[in-house]
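First comes the structure, then the notes that go with it.
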Amino acid sequence: MTEKIFKTIDEQVEILQRKGLIIDNDKRTREILLRENYFFISGYRHLFMTRETGKKFLPGTTFDELYATFLFDRAIRNTFFKNILIVENNIKSIVSYQLSRKYGFKEKDYLNPENFSQDSLQSRQVYDVLNKVKRQIRVNGRKHAATYHYIENYGYIPLWILVKVLSFGIMAEFYDILKDEDKFEISKFYKINPEVLGIYLSLLSNFRNVCAHEDILYDHRTQRVIPDSRYHEILAIPSDDDGYIFGKNDLFSLVIIMKVMLRKEDFDVMIEEIKREVTLLDEAINVVPLDTILNRIGFPSNWYDIKEAE
């Protein structure tokens, strides 16, 4: 295996140029590579590589186009992230309300294993998830002002306070071990069935992690897929023998999830922000057609129509 060694900015520029990338402003390019990290920017090169070898840039590709893709991904990542946080807060509020109302507001009450799935196939999962939640109480309970306040003054942490220190991933697992009747009450808020909501939460947790760690988002794919929805049908998304081509485990699947779980006002703002960034990227890139870019993202050509779809 070839060892990866440190490369100076000069060497980084030379590598890009050897691969056929056009650099019009040498000083600006060097400053960007130093500030943004060569590795992170070069991660977007695949969109511009020739199909023959995958090692050369398409003729005419400029550094500005590569950097524009990097900035585009950063912009939509920020847009999706802030809206995922809205959904995260919503689901935490709804879950904590349902369980507190039904089982009580002290840990010994709402974390009683009898309040969760009694399916023998989930017994190990219930045990593991509840232990994760209790560990968060031990580790983070005194590190956050709200949880610390309740521990010091009341000796317990209500679930509606505890959820603030639980990750979205743990919340998705927490939902998965709930009794069917509790899942049903929670999923009614979104007008979807409980199983679909569980899948949505799992994908949201995955996309949230990508956004939070500033990984490449625009062509990210999840292992799980969302079920076919009415939006796939309304938008007449193309399909093949494996089903719909777009909106299953790509970024458009996240758009569909947000369509369901965000308020219309928030969703409309999100879509307009994405549209603006797509337009800016299209204006900045000449060597790759917009449809190719959209396909890489997982967006159908009529993706914007989801804004008015009902």
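A note on labels: chains of the structure tokens are A, B, ... as shown, every chain counts residues from 1, and ligands are counted from 1 in their shown order.
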
### Task
May I have the residues within 8 Å of Phe252 (chain A) as a list of chain:residue names, using only C-alpha atoms and disregarding those fewer than 5 positions away in the same chain?
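Residues meeting the cut-off are A:Phe246, A:Gly247, A:Ile297, A:Gly298, A:Phe299, A:Trp303.
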
The selected residues should be written to file as a JSON list (two decimals), in the first residue's frame (atoms: C-alpha atoms).
[["chain", "number", "residue", "atom", "x", "y", "z"],
["A", 246, "PHE", "CA", -34.31, 9.22, -6.79],
["A", 247, "GLY", "CA", -35.59, 9.97, -3.32],
["A", 297, "ILE", "CA", -27.25, 14.79, -5.66],
["A", 298, "GLY", "CA", -30.21, 12.49, -6.17],
["A", 299, "PHE", "CA", -32.56, 15.26, -7.28],
["A", 303, "TRP", "CA", -37.26, 18.49, -7.71]]

### Message
Give me, as a ChimeraX atom specification, all polymer residues having an atom no more than 12 Å from Lys7 (chain A), counting only C-alpha atoms and skipping those fewer than 6 positions away in the same chain.
### Response
/A:13-15,33-34,37-39

### Pick from A:His144, A:Arg230, A:Arg208, A:Lys4, whichever lies nearest to Phe80 (chain A) using only C-alpha atoms
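For Phe80 (chain A), the nearest of the candidates is A:Arg208.
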
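For region 93-110 of chain A, the set of protein, DNA and RNA residues having any atom at most 8 Å away, when counting only C-alpha atoms and skipping those fewer than 2 positions along the same chain, is Asn89, Asn90, Ile91, Asn112, Asn115, Tyr156, Ile157, Pro158, Leu159, Trp160, Val163, Tyr175, Asp182, Glu185 and Ile186 of chain A.
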
### Message
Give me the residues near Met171 (chain A) as an MDAnalysis selection string, where near means some atom within 10 Å (using only C-alpha atoms) and where sequence neighbours in that chain fewer than 6 positions away do not count.
### Response
chainID A and resid 88 91:92 95 129 133 163 201:202 205

Could you write those residues out with C-alpha atoms, as a CSV table (one decimal), in the first residue's frame?
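Result file follows (again.csv):
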chain,number,residue,atom,x,y,z
A,88,GLU,CA,-35.0,17.0,16.3
A,91,ILE,CA,-39.6,14.9,18.0
A,92,LYS,CA,-38.0,15.2,21.4
A,95,VAL,CA,-41.9,11.9,22.6
A,129,VAL,CA,-31.1,1.6,24.7
A,133,VAL,CA,-30.1,6.8,28.3
A,163,VAL,CA,-34.0,14.8,26.0
A,201,LEU,CA,-35.7,9.1,12.3
A,202,SER,CA,-33.0,6.7,11.5
A,205,SER,CA,-29.8,10.8,12.5

### Query
Per DSSP on the backbone, what are the alpha helix (DSSP H) residues of region 123-199 of chain A, as a ChimeraX atom specification?
/A:123-140,145-154,159-162,168-176,180-187,194-199

### Residue nearest Thr53 (chain A) - candidates A:Lys19, A:Glu308, A:Glu283, A:Phe267, atoms counted: only C-alpha atoms
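Looking at the shortest contact to Thr53 (chain A), the residue is A:Lys19.
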
### Task
Would you please give, as an MDAnalysis selection string, all residues of region 7-103 of chain A that DSSP assigns to strand (DSSP E or B) based on the backbone?
chainID A and resid 22 49 57 62

Writer output for current selection, N, CA and C atoms, as a CSV table (one decimal), in the first residue's frame:
chain,number,residue,atom,x,y,z
A,22,ILE,N,-7.4,23.7,-14.3
A,22,ILE,CA,-6.9,25.0,-14.6
A,22,ILE,C,-7.0,25.9,-13.4
A,49,MET,N,-14.3,14.5,-13.0
A,49,MET,CA,-13.3,13.6,-13.5
A,49,MET,C,-13.8,12.9,-14.8
A,57,PHE,N,-9.0,15.6,-14.8
A,57,PHE,CA,-10.2,16.5,-14.8
A,57,PHE,C,-10.7,16.6,-16.2
A,62,THR,N,-11.9,24.2,-14.0
A,62,THR,CA,-11.1,25.2,-13.3
A,62,THR,C,-11.2,25.0,-11.8

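The shell of residues at most 12 Å from Asp24 (chain A), with only C-alpha atoms counted and near chain neighbours (fewer than 4 positions) removed, consists of Val13, Gln17, Arg28, Thr29, Arg30, Gly60, Thr61, Thr62, Phe63, Asp64 and Glu65 of chain A.
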
Dump of C-alpha atoms for the selected residues, as a PDB file, in the first residue's frame:
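Result file follows (again_7.pdb):
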ATOM      1  CA  VAL A  13      -1.142  22.902  -6.602  1.00  0.00           C
ATOM      2  CA  GLN A  17      -2.442  20.951 -12.364  1.00  0.00           C
ATOM      3  CA  ARG A  28      -6.000  32.908  -4.349  1.00  0.00           C
ATOM      4  CA  THR A  29      -5.843  29.147  -4.929  1.00  0.00           C
ATOM      5  CA  ARG A  30      -2.975  28.729  -2.493  1.00  0.00           C
ATOM      6  CA  GLY A  60     -11.568  23.052 -19.186  1.00  0.00           C
ATOM      7  CA  THR A  61     -12.282  22.349 -15.507  1.00  0.00           C
ATOM      8  CA  THR A  62     -11.106  25.223 -13.310  1.00  0.00           C
ATOM      9  CA  PHE A  63     -10.218  25.412  -9.652  1.00  0.00           C
ATOM     10  CA  ASP A  64     -13.011  27.951  -9.233  1.00  0.00           C
ATOM     11  CA  GLU A  65     -15.528  25.309 -10.351  1.00  0.00           C
TER      12      GLU A  65
END

### Task
Would you mind telling me which residue in A:Lys164, A:Ala145, A:Val255, A:Ile177 lies nearest to Gln122 (chain A) when using only C-alpha atoms?
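Selected residue with least distance to Gln122 (chain A): A:Ile177.
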